[in-house]
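Raw contents of start.cif, mmCIF, C-alpha atoms and all ligand atoms:
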```cif
data_upload
#
loop_
_atom_site.label_atom_id
_atom_site.label_comp_id
_atom_site.auth_asym_id
_atom_site.auth_seq_id
_atom_site.Cartn_x
_atom_site.Cartn_y
_atom_site.Cartn_z
CA MET A 1 -1.06 20.84 -0.08
CA ASN A 2 -3.78 20.05 -2.64
CA ILE A 3 -4.94 16.45 -2.47
CA LEU A 4 -7.06 14.37 -4.84
CA ILE A 5 -8.68 11.10 -3.72
CA LEU A 6 -10.10 8.76 -6.39
CA GLY A 7 -13.25 6.78 -5.59
CA SER A 8 -16.81 7.10 -4.35
CA GLY A 9 -17.34 4.51 -1.63
CA GLY A 10 -17.43 4.40 2.13
CA ARG A 11 -13.70 3.70 2.01
CA GLU A 12 -13.02 6.96 0.20
CA HIS A 13 -15.32 8.92 2.52
CA ALA A 14 -13.35 7.58 5.49
CA LEU A 15 -10.03 8.44 3.82
CA ALA A 16 -11.28 11.95 2.98
CA TRP A 17 -12.64 12.47 6.51
CA ALA A 18 -9.27 11.53 8.05
CA VAL A 19 -7.09 13.38 5.50
CA ALA A 20 -9.16 16.59 5.82
CA GLN A 21 -8.34 16.72 9.54
CA ASN A 22 -4.59 16.93 8.85
CA PRO A 23 -3.27 20.54 8.85
CA LYS A 24 -1.11 19.72 5.78
CA CYS A 25 -4.31 19.39 3.74
CA ASP A 26 -5.28 22.73 2.15
CA ARG A 27 -7.63 21.75 -0.65
CA LEU A 28 -9.24 18.29 -0.84
CA ILE A 29 -10.97 17.03 -3.98
CA VAL A 30 -12.59 13.61 -4.31
CA ALA A 31 -13.56 12.21 -7.71
CA PRO A 32 -16.30 11.26 -8.24
CA GLY A 33 -17.28 11.26 -4.53
CA ASN A 34 -20.79 10.99 -3.08
CA ALA A 35 -23.26 13.05 -1.02
CA GLY A 36 -21.44 12.40 2.26
CA ILE A 37 -18.00 13.11 0.82
CA ALA A 38 -19.37 16.46 -0.42
CA GLN A 39 -19.64 17.47 3.26
CA VAL A 40 -15.87 17.13 3.81
CA ALA A 41 -14.37 17.77 0.34
CA GLU A 42 -15.06 19.16 -3.13
CA CYS A 43 -16.41 16.49 -5.48
CA ALA A 44 -15.32 16.39 -9.12
CA ASP A 45 -16.92 14.47 -11.97
CA LEU A 46 -14.08 12.47 -13.48
CA ASP A 47 -13.64 9.05 -15.10
CA VAL A 48 -11.19 7.65 -12.55
CA GLU A 49 -10.14 4.73 -14.78
CA ASN A 50 -8.96 7.11 -17.53
CA GLY A 51 -5.35 7.86 -16.60
CA ASP A 52 -4.93 10.72 -19.10
CA ALA A 53 -8.08 12.44 -17.83
CA VAL A 54 -7.03 12.03 -14.19
CA ALA A 55 -3.48 13.30 -14.88
CA SER A 56 -4.77 16.36 -16.82
CA PHE A 57 -7.24 17.15 -14.06
CA ALA A 58 -4.50 16.87 -11.44
CA VAL A 59 -2.18 19.20 -13.38
CA GLU A 60 -4.93 21.77 -14.04
CA ASN A 61 -5.90 21.83 -10.37
CA ALA A 62 -2.32 22.01 -9.03
CA VAL A 63 -2.81 18.73 -7.17
CA ASP A 64 0.28 17.76 -5.13
CA PHE A 65 -0.76 14.29 -4.05
CA VAL A 66 -3.21 11.66 -5.35
CA ILE A 67 -4.58 8.80 -3.23
CA VAL A 68 -6.14 6.00 -5.27
CA GLY A 69 -8.98 4.23 -3.40
CA PRO A 70 -10.26 1.30 -5.52
CA GLU A 71 -8.41 -1.41 -7.47
CA ALA A 72 -9.84 -0.76 -10.94
CA PRO A 73 -7.88 2.47 -11.64
CA LEU A 74 -4.73 0.82 -10.27
CA ALA A 75 -5.11 -2.21 -12.53
CA ALA A 76 -5.76 0.24 -15.41
CA GLY A 77 -2.41 1.98 -14.78
CA VAL A 78 -3.73 5.31 -13.50
CA ALA A 79 -0.92 5.52 -10.91
CA ASP A 80 1.63 5.05 -13.74
CA ASP A 81 0.02 7.85 -15.78
CA LEU A 82 0.10 10.19 -12.78
CA ARG A 83 3.77 9.43 -12.06
CA ARG A 84 4.62 10.06 -15.71
CA ALA A 85 2.95 13.45 -15.30
CA GLY A 86 5.23 14.13 -12.32
CA ILE A 87 2.52 13.86 -9.66
CA LEU A 88 3.10 12.16 -6.32
CA VAL A 89 0.71 9.24 -5.92
CA PHE A 90 -0.18 6.66 -3.30
CA GLY A 91 -0.93 3.37 -5.06
CA PRO A 92 0.92 0.69 -7.03
CA SER A 93 1.83 0.59 -10.72
CA ALA A 94 -0.32 -1.62 -12.96
CA ALA A 95 2.52 -4.16 -12.92
CA ALA A 96 2.52 -4.33 -9.10
CA ALA A 97 -1.31 -4.25 -8.96
CA GLN A 98 -1.15 -7.71 -10.54
CA LEU A 99 -1.01 -8.87 -6.90
CA GLU A 100 -4.77 -8.30 -6.90
CA ALA A 101 -5.58 -8.47 -10.59
CA SER A 102 -4.14 -11.97 -11.17
CA LYS A 103 -4.45 -14.91 -8.77
CA THR A 104 -1.80 -16.84 -10.73
CA PHE A 105 0.65 -13.96 -10.40
CA THR A 106 0.17 -13.86 -6.61
CA LYS A 107 0.64 -17.61 -6.25
CA GLN A 108 3.88 -17.39 -8.25
CA VAL A 109 5.14 -14.53 -6.07
CA CYS A 110 4.28 -16.52 -2.92
CA ASP A 111 6.06 -19.61 -4.18
CA ALA A 112 9.18 -17.64 -5.14
CA ALA A 113 9.07 -15.85 -1.76
CA GLY A 114 8.46 -19.04 0.23
CA ALA A 115 5.33 -17.44 1.72
CA PRO A 116 2.88 -19.91 3.30
CA THR A 117 -0.33 -20.17 1.23
CA ALA A 118 -2.67 -22.89 -0.09
CA GLY A 119 -1.28 -25.45 -2.55
CA TRP A 120 -2.45 -24.65 -6.08
CA ALA A 121 -2.46 -25.41 -9.80
CA ARG A 122 -3.64 -23.43 -12.83
CA PHE A 123 -5.67 -24.55 -15.82
CA SER A 124 -7.18 -23.21 -19.00
CA ASP A 125 -8.34 -26.64 -20.20
CA PRO A 126 -11.54 -27.84 -18.47
CA THR A 127 -10.73 -31.55 -18.91
CA LEU A 128 -7.38 -31.19 -17.16
CA ALA A 129 -8.93 -28.97 -14.46
CA LYS A 130 -11.62 -31.57 -13.74
CA ALA A 131 -9.12 -34.40 -13.62
CA TYR A 132 -7.14 -32.43 -11.03
CA VAL A 133 -10.29 -31.91 -8.91
CA SER A 134 -11.06 -35.65 -9.04
CA GLU A 135 -7.51 -36.40 -7.94
CA GLN A 136 -7.56 -33.86 -5.07
CA GLY A 137 -11.17 -34.34 -3.86
CA ALA A 138 -13.39 -31.81 -2.06
CA PRO A 139 -13.55 -29.40 -0.34
CA ILE A 140 -11.54 -27.45 -2.88
CA VAL A 141 -11.46 -23.84 -4.07
CA ILE A 142 -11.93 -22.69 -7.69
CA LYS A 143 -10.89 -19.12 -8.59
CA ALA A 144 -11.13 -17.10 -11.79
CA ASP A 145 -7.62 -15.73 -12.43
CA GLY A 146 -8.63 -12.11 -13.09
CA LEU A 147 -10.73 -9.38 -11.44
CA ALA A 148 -14.34 -10.57 -11.13
CA ALA A 149 -15.84 -7.92 -8.82
CA GLY A 150 -15.34 -10.11 -5.76
CA LYS A 151 -17.41 -12.95 -7.23
CA GLY A 152 -14.67 -15.02 -8.81
CA VAL A 153 -14.13 -17.51 -5.97
CA VAL A 154 -16.12 -20.70 -5.40
CA VAL A 155 -15.38 -22.60 -2.20
CA ALA A 156 -16.70 -25.99 -3.35
CA MET A 157 -17.73 -28.35 -0.56
CA THR A 158 -18.40 -31.16 -3.06
CA GLU A 159 -16.67 -32.33 -6.24
CA ALA A 160 -19.89 -31.68 -8.20
CA GLU A 161 -19.86 -27.99 -7.16
CA ALA A 162 -16.20 -27.74 -8.18
CA LEU A 163 -16.89 -29.23 -11.61
CA ASP A 164 -19.81 -26.81 -12.14
CA ALA A 165 -17.59 -23.86 -11.17
CA ILE A 166 -14.95 -24.97 -13.70
CA ASP A 167 -17.58 -25.20 -16.46
CA MET A 168 -18.96 -21.78 -15.54
CA MET A 169 -15.58 -19.99 -15.35
CA LEU A 170 -13.78 -21.64 -18.28
CA GLY A 171 -17.07 -21.44 -20.21
CA GLY A 172 -16.85 -17.63 -20.14
CA GLY A 173 -18.96 -16.88 -17.04
CA PHE A 174 -16.54 -14.08 -16.10
CA GLY A 175 -15.36 -13.22 -19.61
CA THR A 176 -11.59 -12.99 -19.98
CA ALA A 177 -11.14 -12.81 -16.18
CA GLY A 178 -12.03 -16.52 -16.14
CA ALA A 179 -10.01 -17.65 -19.15
CA GLU A 180 -7.70 -19.34 -16.64
CA VAL A 181 -8.64 -20.80 -13.26
CA VAL A 182 -6.54 -21.34 -10.17
CA ILE A 183 -7.53 -24.43 -8.19
CA GLU A 184 -6.52 -24.26 -4.55
CA GLU A 185 -6.33 -26.44 -1.50
CA PHE A 186 -9.16 -25.59 0.93
CA MET A 187 -7.82 -23.89 4.05
CA ASP A 188 -9.69 -24.19 7.30
CA GLY A 189 -9.39 -21.62 10.11
CA GLU A 190 -10.37 -18.07 11.11
CA GLU A 191 -10.02 -15.27 8.57
CA ALA A 192 -8.58 -11.82 9.28
CA SER A 193 -7.49 -8.80 7.27
CA PHE A 194 -4.11 -7.16 7.78
CA PHE A 195 -3.19 -3.78 6.25
CA ILE A 196 0.42 -2.88 5.51
CA LEU A 197 1.72 0.32 3.92
CA CYS A 198 4.63 -0.29 1.54
CA ASP A 199 7.05 2.17 -0.07
CA GLY A 200 8.64 -0.33 -2.45
CA GLU A 201 11.07 -1.69 0.12
CA GLU A 202 9.89 -0.93 3.65
CA ALA A 203 6.62 -2.11 5.18
CA LEU A 204 4.59 -0.57 8.01
CA ALA A 205 1.59 -2.39 9.53
CA VAL A 206 -1.37 -0.03 9.97
CA GLY A 207 -3.98 -2.28 11.47
CA THR A 208 -5.97 -5.49 11.56
CA ALA A 209 -9.68 -6.00 11.01
CA GLN A 210 -12.36 -8.58 10.51
CA ASP A 211 -15.03 -8.27 7.84
CA HIS A 212 -18.51 -9.84 7.61
CA LYS A 213 -18.90 -11.00 4.02
CA ARG A 214 -22.30 -12.71 4.12
CA VAL A 215 -25.48 -10.69 3.84
CA GLY A 216 -27.37 -12.42 6.66
CA GLU A 217 -27.22 -12.66 10.44
CA GLY A 218 -24.88 -15.37 11.73
CA ASP A 219 -22.83 -15.25 8.48
CA THR A 220 -25.56 -16.77 6.29
CA GLY A 221 -26.79 -16.02 2.76
CA PRO A 222 -24.92 -14.78 -0.30
CA ASN A 223 -21.54 -13.01 -0.28
CA THR A 224 -21.42 -9.20 -0.39
CA GLY A 225 -18.68 -6.58 -0.55
CA GLY A 226 -18.77 -6.60 3.28
CA MET A 227 -21.60 -5.83 5.73
CA GLY A 228 -19.53 -4.60 8.67
CA ALA A 229 -16.10 -4.73 10.24
CA TYR A 230 -14.18 -4.07 13.39
CA SER A 231 -10.59 -3.26 14.24
CA PRO A 232 -8.44 -4.61 15.80
CA ALA A 233 -9.04 -8.32 15.09
CA PRO A 234 -8.28 -10.22 18.32
CA VAL A 235 -7.12 -13.30 16.36
CA MET A 236 -4.23 -11.20 14.95
CA THR A 237 -1.99 -11.43 18.00
CA ASP A 238 1.42 -9.71 18.06
CA ALA A 239 3.05 -13.09 17.44
CA ILE A 240 0.94 -13.74 14.35
CA GLN A 241 1.54 -10.21 13.03
CA THR A 242 5.29 -10.78 13.39
CA GLN A 243 5.04 -14.14 11.62
CA VAL A 244 3.06 -12.59 8.76
CA MET A 245 5.50 -9.67 8.35
CA ASP A 246 8.54 -12.02 8.42
CA GLN A 247 7.24 -14.95 6.38
CA ILE A 248 4.71 -13.38 4.00
CA ILE A 249 4.88 -9.59 3.59
CA ARG A 250 8.61 -8.81 3.55
CA PRO A 251 9.53 -11.81 1.36
CA SER A 252 6.74 -10.87 -1.08
CA LEU A 253 8.00 -7.26 -1.25
CA ARG A 254 11.58 -8.48 -1.88
CA GLU A 255 10.28 -10.73 -4.67
CA MET A 256 8.46 -7.73 -6.22
CA VAL A 257 11.71 -5.72 -6.11
CA SER A 258 13.66 -8.54 -7.72
CA ARG A 259 11.09 -8.68 -10.54
CA GLY A 260 11.65 -4.97 -11.17
CA THR A 261 8.09 -4.11 -10.04
CA PRO A 262 8.39 -2.83 -6.45
CA PHE A 263 5.07 -2.47 -4.64
CA GLN A 264 4.13 0.99 -3.33
CA GLY A 265 0.71 1.41 -1.74
CA VAL A 266 -1.28 -0.58 0.79
CA LEU A 267 -1.18 -4.35 0.82
CA PHE A 268 -4.39 -5.84 2.17
CA ALA A 269 -3.45 -9.38 3.16
CA GLY A 270 -6.39 -11.74 3.57
CA LEU A 271 -5.18 -14.39 6.00
CA MET A 272 -6.38 -17.75 7.27
CA ILE A 273 -5.26 -18.48 10.82
CA LYS A 274 -5.12 -21.92 12.32
CA ASP A 275 -3.15 -23.29 15.29
CA GLY A 276 -1.35 -19.97 15.76
CA GLN A 277 -0.06 -19.83 12.15
CA ALA A 278 -1.29 -17.63 9.32
CA ARG A 279 -1.36 -18.48 5.62
CA LEU A 280 -2.12 -16.04 2.82
CA VAL A 281 -5.55 -16.35 1.18
CA GLU A 282 -5.05 -13.41 -1.15
CA TYR A 283 -3.60 -9.95 -1.58
CA ASN A 284 -5.58 -6.85 -2.46
CA VAL A 285 -3.73 -3.68 -3.45
CA ARG A 286 -6.07 -1.20 -1.72
CA PHE A 287 -7.80 -0.73 1.61
CA GLY A 288 -10.79 -2.98 2.33
CA ASP A 289 -14.28 -1.54 2.35
CA PRO A 290 -15.70 -1.45 5.09
CA GLU A 291 -12.46 -2.31 6.97
CA CYS A 292 -11.03 1.09 6.00
CA GLN A 293 -13.85 2.91 7.81
CA ALA A 294 -12.89 1.21 11.10
CA LEU A 295 -9.16 1.77 10.48
CA MET A 296 -9.52 5.49 9.63
CA MET A 297 -11.70 6.02 12.70
CA ARG A 298 -8.74 4.74 14.76
CA LEU A 299 -5.87 6.38 12.85
CA GLY A 300 -7.43 9.79 12.14
CA ALA A 301 -5.41 12.67 10.67
CA GLN A 302 -2.01 10.91 10.89
CA ILE A 303 -3.00 8.71 7.93
CA LEU A 304 -2.01 11.53 5.55
CA ASP A 305 1.55 11.62 6.95
CA LEU A 306 1.80 7.84 6.63
CA LEU A 307 0.48 7.73 3.05
CA LEU A 308 2.86 10.55 2.07
CA ALA A 309 5.79 8.68 3.63
CA ALA A 310 4.87 5.55 1.65
CA ALA A 311 4.58 7.53 -1.60
CA GLU A 312 7.90 9.33 -0.99
CA GLY A 313 9.84 6.18 -0.04
CA ARG A 314 10.49 7.18 3.57
CA LEU A 315 8.37 4.73 5.55
CA SER A 316 11.38 3.83 7.70
CA GLU A 317 11.20 7.36 9.15
CA VAL A 318 7.60 7.18 10.43
CA GLN A 319 5.49 5.13 12.78
CA ALA A 320 1.78 4.70 13.35
CA ASN A 321 0.58 5.95 16.73
CA TRP A 322 -2.07 3.69 18.15
CA ALA A 323 -4.40 4.28 21.02
CA ASP A 324 -5.63 1.20 22.85
CA ASP A 325 -9.05 1.57 21.21
CA HIS A 326 -11.57 -0.32 19.09
CA ALA A 327 -13.69 0.73 16.14
CA LEU A 328 -16.72 -0.97 14.64
CA THR A 329 -18.60 -0.16 11.46
CA VAL A 330 -22.05 -1.40 10.43
CA VAL A 331 -23.02 -1.22 6.76
CA MET A 332 -26.57 -0.22 5.84
CA ALA A 333 -27.58 -1.51 2.41
CA SER A 334 -30.57 -1.08 0.11
CA ASN A 335 -33.28 -3.75 0.56
CA GLY A 336 -32.54 -6.55 -1.92
CA TYR A 337 -28.73 -6.14 -1.93
CA PRO A 338 -26.62 -8.05 -3.06
CA GLY A 339 -29.38 -8.83 -5.58
CA SER A 340 -31.36 -6.13 -7.37
CA TYR A 341 -32.58 -3.20 -5.30
CA GLU A 342 -34.63 -0.04 -5.65
CA LYS A 343 -32.80 3.26 -6.22
CA GLY A 344 -33.81 6.67 -4.93
CA THR A 345 -35.22 5.72 -1.51
CA VAL A 346 -35.00 8.63 0.95
CA ILE A 347 -32.80 8.41 4.05
CA GLY A 348 -33.92 10.50 7.01
CA GLY A 349 -32.48 11.34 10.41
CA LEU A 350 -28.86 11.84 9.33
CA ASP A 351 -28.77 15.54 10.27
CA ASP A 352 -29.67 14.79 13.88
CA ILE A 353 -26.73 12.44 14.47
CA ALA A 354 -23.95 14.05 16.47
CA SER A 355 -20.67 13.37 14.62
CA ASN A 356 -17.32 13.72 16.34
CA SER A 357 -13.82 12.28 16.11
CA GLY A 358 -15.17 8.99 17.54
CA ALA A 359 -18.48 8.59 15.74
CA TYR A 360 -19.37 9.18 12.11
CA VAL A 361 -21.71 8.00 9.39
CA PHE A 362 -19.66 7.39 6.24
CA HIS A 363 -21.55 7.40 2.95
CA ALA A 364 -21.16 4.99 0.01
CA GLY A 365 -24.01 4.89 -2.53
CA THR A 366 -25.73 8.19 -1.73
CA ALA A 367 -26.70 11.30 -3.68
CA LYS A 368 -28.44 14.54 -2.81
CA LYS A 369 -31.78 15.09 -4.52
CA ASP A 370 -34.14 18.01 -3.82
CA GLY A 371 -32.31 18.67 -0.56
CA GLN A 372 -32.66 15.08 0.64
CA ILE A 373 -30.14 12.24 0.87
CA VAL A 374 -31.21 9.31 -1.30
CA ALA A 375 -29.76 5.82 -1.76
CA ILE A 376 -28.35 5.11 -5.23
CA GLY A 377 -26.23 2.01 -4.56
CA GLY A 378 -26.21 -1.38 -2.87
CA ARG A 379 -24.06 -0.52 0.11
CA VAL A 380 -25.15 2.95 1.21
CA LEU A 381 -23.92 3.93 4.69
CA ALA A 382 -21.17 2.72 7.05
CA VAL A 383 -22.10 3.73 10.58
CA THR A 384 -18.86 3.80 12.54
CA ALA A 385 -17.92 4.33 16.19
CA ARG A 386 -14.70 4.17 18.22
CA ALA A 387 -14.46 3.51 21.97
CA ASP A 388 -12.27 1.97 24.66
CA SER A 389 -13.84 -1.43 24.17
CA LEU A 390 -15.39 -3.23 21.22
CA ALA A 391 -18.62 -3.67 23.21
CA GLU A 392 -18.88 0.11 23.70
CA ALA A 393 -18.08 0.84 20.02
CA HIS A 394 -20.78 -1.69 19.09
CA LYS A 395 -23.31 0.01 21.38
CA GLN A 396 -22.55 3.48 19.98
CA ALA A 397 -22.70 2.38 16.33
CA TYR A 398 -26.09 0.71 16.80
CA ALA A 399 -27.36 3.74 18.78
CA MET A 400 -26.57 5.90 15.72
CA ILE A 401 -28.40 3.43 13.47
CA ASP A 402 -31.49 3.78 15.68
CA GLN A 403 -31.57 7.48 14.74
CA ILE A 404 -31.55 6.76 10.99
CA ASN A 405 -34.95 6.55 9.36
CA TRP A 406 -34.58 4.56 6.16
CA PRO A 407 -37.38 2.08 5.38
CA GLY A 408 -35.61 1.25 2.08
CA GLY A 409 -32.55 -0.19 3.82
CA PHE A 410 -31.39 -2.95 6.15
CA TYR A 411 -28.33 -3.91 8.22
CA ARG A 412 -26.95 -6.86 10.14
CA SER A 413 -27.56 -6.60 13.88
CA ASP A 414 -24.71 -8.97 14.80
CA ILE A 415 -21.57 -7.18 13.56
CA GLY A 416 -18.69 -8.10 15.86
CA TRP A 417 -20.30 -11.32 17.16
CA ARG A 418 -17.12 -13.35 16.78
CA ALA A 419 -15.13 -11.05 19.05
CA LEU A 420 -17.90 -10.00 21.48
P1 LIG B 1 -11.37 -13.76 -2.34
O1 LIG B 1 -12.39 -13.23 -3.32
O2 LIG B 1 -10.12 -14.27 -2.96
O3 LIG B 1 -11.28 -12.87 -1.15
O4 LIG B 1 -12.03 -15.06 -1.71
C1 LIG B 1 -13.28 -14.98 -1.15
C2 LIG B 1 -13.34 -15.84 0.05
O5 LIG B 1 -13.18 -17.20 -0.31
C3 LIG B 1 -12.24 -15.59 1.07
O6 LIG B 1 -12.50 -14.50 1.90
C4 LIG B 1 -12.26 -16.91 1.82
O7 LIG B 1 -13.34 -16.92 2.75
C5 LIG B 1 -12.58 -17.90 0.74
N1 LIG B 1 -11.35 -18.56 0.26
C6 LIG B 1 -10.53 -18.17 -0.74
N2 LIG B 1 -9.51 -19.04 -0.90
C7 LIG B 1 -9.68 -20.01 0.03
C8 LIG B 1 -8.97 -21.20 0.37
N3 LIG B 1 -7.87 -21.59 -0.30
N4 LIG B 1 -9.45 -21.95 1.38
C9 LIG B 1 -10.58 -21.59 2.03
N5 LIG B 1 -11.30 -20.51 1.76
C10 LIG B 1 -10.87 -19.71 0.77
N1 LIG B 2 -14.30 -5.94 2.46
C1 LIG B 2 -13.53 -6.72 1.59
C2 LIG B 2 -12.92 -5.98 0.49
O1 LIG B 2 -12.86 -4.78 0.47
O2 LIG B 2 -12.46 -6.64 -0.44
#
```
With the file now loaded, output its structure as C-alpha cells.
Amino acid sequence: MNILILGSGGREHALAWAVAQNPKCDRLIVAPGNAGIAQVAECADLDVENGDAVASFAVENAVDFVIVGPEAPLAAGVADDLRRAGILVFGPSAAAAQLEASKTFTKQVCDAAGAPTAGWARFSDPTLAKAYVSEQGAPIVIKADGLAAGKGVVVAMTEAEALDAIDMMLGGGFGTAGAEVVIEEFMDGEEASFFILCDGEEALAVGTAQDHKRVGEGDTGPNTGGMGAYSPAPVMTDAIQTQVMDQIIRPSLREMVSRGTPFQGVLFAGLMIKDGQARLVEYNVRFGDPECQALMMRLGAQILDLLLAAAEGRLSEVQANWADDHALTVVMASNGYPGSYEKGTVIGGLDDIASNSGAYVFHAGTAKKDGQIVAIGGRVLAVTARADSLAEAHKQAYAMIDQINWPGGFYRSDIGWRAL
C-alpha cells in the first residue's frame, strides 16, 4: 500500500523507519520530512496544516493510508478533510483533538468520566483567578487553555509566581490560546508517559516511557520539547497500567463516544504517580517526541499493522508483541536551544555509524546542503539504541554519540538517570 506520513521531526523519522520495514508498505512518502527521513522515504513539500492540499496530494498520489504525526494538523481538522476525501487516516478528528487543544475540555471529560486528575477551576477574569489562587495557596499550576507550543503551563511554587502567570496569560501572552486559564491543584509524584492506540471504542496499550523535559543535566534549566527518553518506564508497573486503563483511559473513551466525538488515534497520557496510584496530568493526541523514537525502536515493523487496525476500527483483533527489551534515545540539540541558536552548522560522522534494527540515529531539524548534513532546528538528532537492559541501551546510544562530530550541538549525558 501507499502510505503518507505528515510531519518532519524525530518522531516522524522513527515512524517512517518502522513503517518502511513492514512488507505491506510499497511506497512511503513523508511530508515535509527532513534529511534523515529522505534516506528511508520520499519527501514531499506540502503544507501539512492545509487539509485541502493534503487531501488533494493524497488522491493524486494514490495514497491508501495517512499517518498524522504532530498535533497542529489534527487540531486544524486535516484528518476530517482526509476522511471526507475517502482516505483512511490514523489520527483524531478536530473535535476529538480537543483533548490536547483545550485543557478545559479535557478536565470536563475527566470529570464526566470520573477519571482521577488534579482539582481545577477555569477563569477568563484575572480578578477572580487571583482570588482563587489566594484562597488555594501555592504551589499551584496555571495553564493557558489552548495550544501554546508546550509553553503554556506554569508550575508556580509561590503565590506571587501564580499571580504573574495569570497576568501574563490573561494579558495576551499566548494570544487567544490564553484567553482562558485553567488553575489546577499541584500534584506531587513521579511522571510517566503512557501510549494507547484507540479505534473509537477499543484501546490497546503500546508502551510506557519517561521523558527528560529540562535542558540541563540533573533536570535543571528551562523546559524543552524533550531531551531524551527511555522505554519502558519502570514506575509504570502492570498494576498501575491496569488502573490507568480502567479508571482513566476507557472511561474517557466512553465519554468521547457519548459526546458523539469518538477518539481514533494515539492517546498520550501524561501521568503523575504517587503511592501506587496514577492521576492524569494531561492528554496529547499524538505520539511524544522523543518518546516515539524509543517506542518505535522496540515495536518495529508491527506498528503499521497496529495503526491500520486502529484506523479501521479493529483493534480488538490485534495485539502488540513485546520483547523483554529496553530502548533509550538521546536528543542532540543546537547550542543555545531552547533559546536562540545558530542554523547551518555541519554535522559530521553520521555515515560511519553502523545502523541496524537495534541502533539508529533519527533526524529532526536537519537538511542536506552541498552533500553535507546541516542542523536547521533546535532539536536535531535522536540517537537511539535498544538492548536487553536499559544500561546496555544507554551504553550503545552514547557510543554512537561519540562517533558524531558536531561542534555546533550538545546533549545531556544523564538520560535515564532515574531508572539506572
Ligand atoms: P503540560 O504542558 O501540560 O505537559 O505540562 C507541563 C508539565 O507541567 C508537566 O509535564 C508536569 O511536569 C507539570 N504539570 C502540569 N500540571 C501539573 C499539576 N497539576 N501538578 C504538578 N505538575 C504539573
Ligand atoms: N516529549 C513530550 C511531548 O512530545 O510532548
Box dimensions and centre (Å, one decimal) enclosing ligand LIG 1 (chain B), axis-aligned, 3 Å extra per side, as lines of an AutoDock Vina configuration file:
```
center_x = -10.6
center_y = -17.4
center_z = -0.3
size_x = 11.5
size_y = 15.1
size_z = 12.1
```
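Near ligand LIG 2 (chain B), at distances of 9 Å or less and with all atoms listed in the file counted, sit the residues Arg11, Pro70, Gly150, Ser193, Gln210, Asp211, His212, Lys213, Thr224, Gly225, Gly226, Met227, Gly228, Ala229, Phe268, Gly270, Asn284, Arg286, Phe287, Gly288, Asp289, Pro290, Glu291 and Cys292 of chain A.
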Ligand LIG 1 (chain B) neighbours within 6 Å using all atoms listed in the file, as an MDAnalysis selection string: chainID A and resid 118 141 150 153 184:188 281:282
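With only C-alpha atoms as the atoms that count, the residue of A:Ala203, A:Thr158, A:Gly336, A:Val331 with the shortest distance to A:Ala364 is A:Val331.
In terms of minimum interatomic distance to A:Thr242, A:Gly276 ranks closest within A:Gly33, A:Gly276, A:Gly114, A:Pro23, counting all atoms listed in the file.
With distances restricted to all atoms listed in the file, A:Val383 is the closest residue to A:Val361 from A:Ala323, A:Val383, A:Ala233, A:Val40.
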Selected residue, from A:Gln319, A:Thr366, A:Ser252, A:Thr106, that lies nearest to A:Asn34 when counting only C-alpha atoms: A:Thr366
